[in-house]
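A quick write-up on the structure given underneath.
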Amino acid sequence: MTHFLESRTGADGPVTVMKSYTVPTDEADYFTEVYQENARIMSAQPGFVRSRLHRPLADGPETRFVHVAEWTSGIALDRATGNPEWHASLRRMFDDPALHITSAPASYRVVVELHPSSA
């Protein structure tokens, strides 16, 4: 789990964190509750902009959530992931015997952005 605990983007511009979490569907509602503690901690960190957890409209045997969080900079994210309270919350979530989570985190920077045209 150590690869979940640290961010070393070094980016001084805005970054977006995207993570997918997969849990058995019968654990999906509980995962959402547990996840909120972790999200609450990160939302209080300097540089945090916004976080959203997405759930698919239709569930199968497993539910794949997609988490998207925006930060003012990669450096702010790097500092936030050093928070011991967040580490403890994340460990509790992944060590919870009632949850069977797999996850794939990554940090991104915007390379193409589109807006509605005014024409």
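Quick note on naming: the chains in the structure tokens go A, B, ... in the order shown, residues restart at 1 in each chain, and ligands are numbered from 1 in order of appearance.
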
Residues within 12 Å of Val110 in chain A, only C-alpha atoms, excluding chain neighbours under 5 positions, as a PyMOL selection string: chain A and resi 11+13-17+70-71+73

Nearby residues (only C-alpha atoms) at most 10 Å from Gly60 in chain A, same-chain spacing under 3 positions excluded, as an MDAnalysis selection string: chainID A and resid 24:25 56 63:64

If you keep N, CA, C and O atoms, can you produce a file of those selected residues as an mmCIF file, in the first residue's frame?
data_model
loop_
_atom_site.group_PDB
_atom_site.id
_atom_site.type_symbol
_atom_site.label_atom_id
_atom_site.label_comp_id
_atom_site.auth_asym_id
_atom_site.auth_seq_id
_atom_site.Cartn_x
_atom_site.Cartn_y
_atom_site.Cartn_z
ATOM 1 N N PRO A 24 -16.511 -5.231 -4.190
ATOM 2 C CA PRO A 24 -17.704 -6.030 -4.459
ATOM 3 C C PRO A 24 -18.943 -5.150 -4.268
ATOM 4 O O PRO A 24 -18.989 -4.316 -3.359
ATOM 5 N N THR A 25 -19.920 -5.302 -5.126
ATOM 6 C CA THR A 25 -21.087 -4.422 -5.102
ATOM 7 C C THR A 25 -21.793 -4.425 -3.760
ATOM 8 O O THR A 25 -22.287 -3.382 -3.322
ATOM 9 N N PRO A 56 -20.788 4.170 -10.934
ATOM 10 C CA PRO A 56 -21.482 3.885 -12.196
ATOM 11 C C PRO A 56 -22.997 3.843 -12.013
ATOM 12 O O PRO A 56 -23.493 3.554 -10.923
ATOM 13 N N THR A 63 -18.288 -3.041 -8.172
ATOM 14 C CA THR A 63 -18.563 -1.639 -8.479
ATOM 15 C C THR A 63 -17.238 -0.913 -8.574
ATOM 16 O O THR A 63 -16.416 -0.986 -7.659
ATOM 17 N N ARG A 64 -17.033 -0.224 -9.680
ATOM 18 C CA ARG A 64 -15.808 0.538 -9.884
ATOM 19 C C ARG A 64 -16.113 2.019 -9.718
ATOM 20 O O ARG A 64 -16.813 2.615 -10.527
#

Helix (DSSP H, G or I) residues, from DSSP on the backbone, in chain A, as a PyMOL selection string: chain A and resi 2-5+25-43+74-80+84-95

Selection near Phe48 in chain A, 9 Å with only C-alpha atoms, sequence-local residues under 3 positions removed, as a VMD selection string: chain A and resid 42 to 45 51 69 to 73 76 to 77 80

Keeping only C-alpha atoms, write the selected residues to a file as an mmCIF file, in the first residue's frame.
data_model
loop_
_atom_site.group_PDB
_atom_site.id
_atom_site.type_symbol
_atom_site.label_atom_id
_atom_site.label_comp_id
_atom_site.auth_asym_id
_atom_site.auth_seq_id
_atom_site.Cartn_x
_atom_site.Cartn_y
_atom_site.Cartn_z
ATOM 1 C CA MET A 42 -7.691 15.849 2.321
ATOM 2 C CA SER A 43 -10.283 18.579 1.710
ATOM 3 C CA ALA A 44 -8.872 20.515 4.677
ATOM 4 C CA GLN A 45 -5.344 20.584 3.223
ATOM 5 C CA SER A 51 -12.983 16.217 -5.058
ATOM 6 C CA ALA A 69 -9.565 15.531 -7.134
ATOM 7 C CA GLU A 70 -8.169 18.857 -8.225
ATOM 8 C CA TRP A 71 -5.237 20.601 -6.544
ATOM 9 C CA THR A 72 -3.782 24.072 -7.054
ATOM 10 C CA SER A 73 -0.395 22.452 -7.583
ATOM 11 C CA ALA A 76 0.460 21.188 -2.554
ATOM 12 C CA LEU A 77 -0.649 17.611 -3.243
ATOM 13 C CA ALA A 80 -0.931 16.937 1.667
#

Long-range neighbours of range 89-104 of chain A as a VMD selection string, 10 Å cut-off, only C-alpha atoms, 2 positions minimum in chain: chain A and resid 1 to 5 18 to 24 26 to 28 30 to 31 34 to 39 41 64 to 66 84 to 87 106
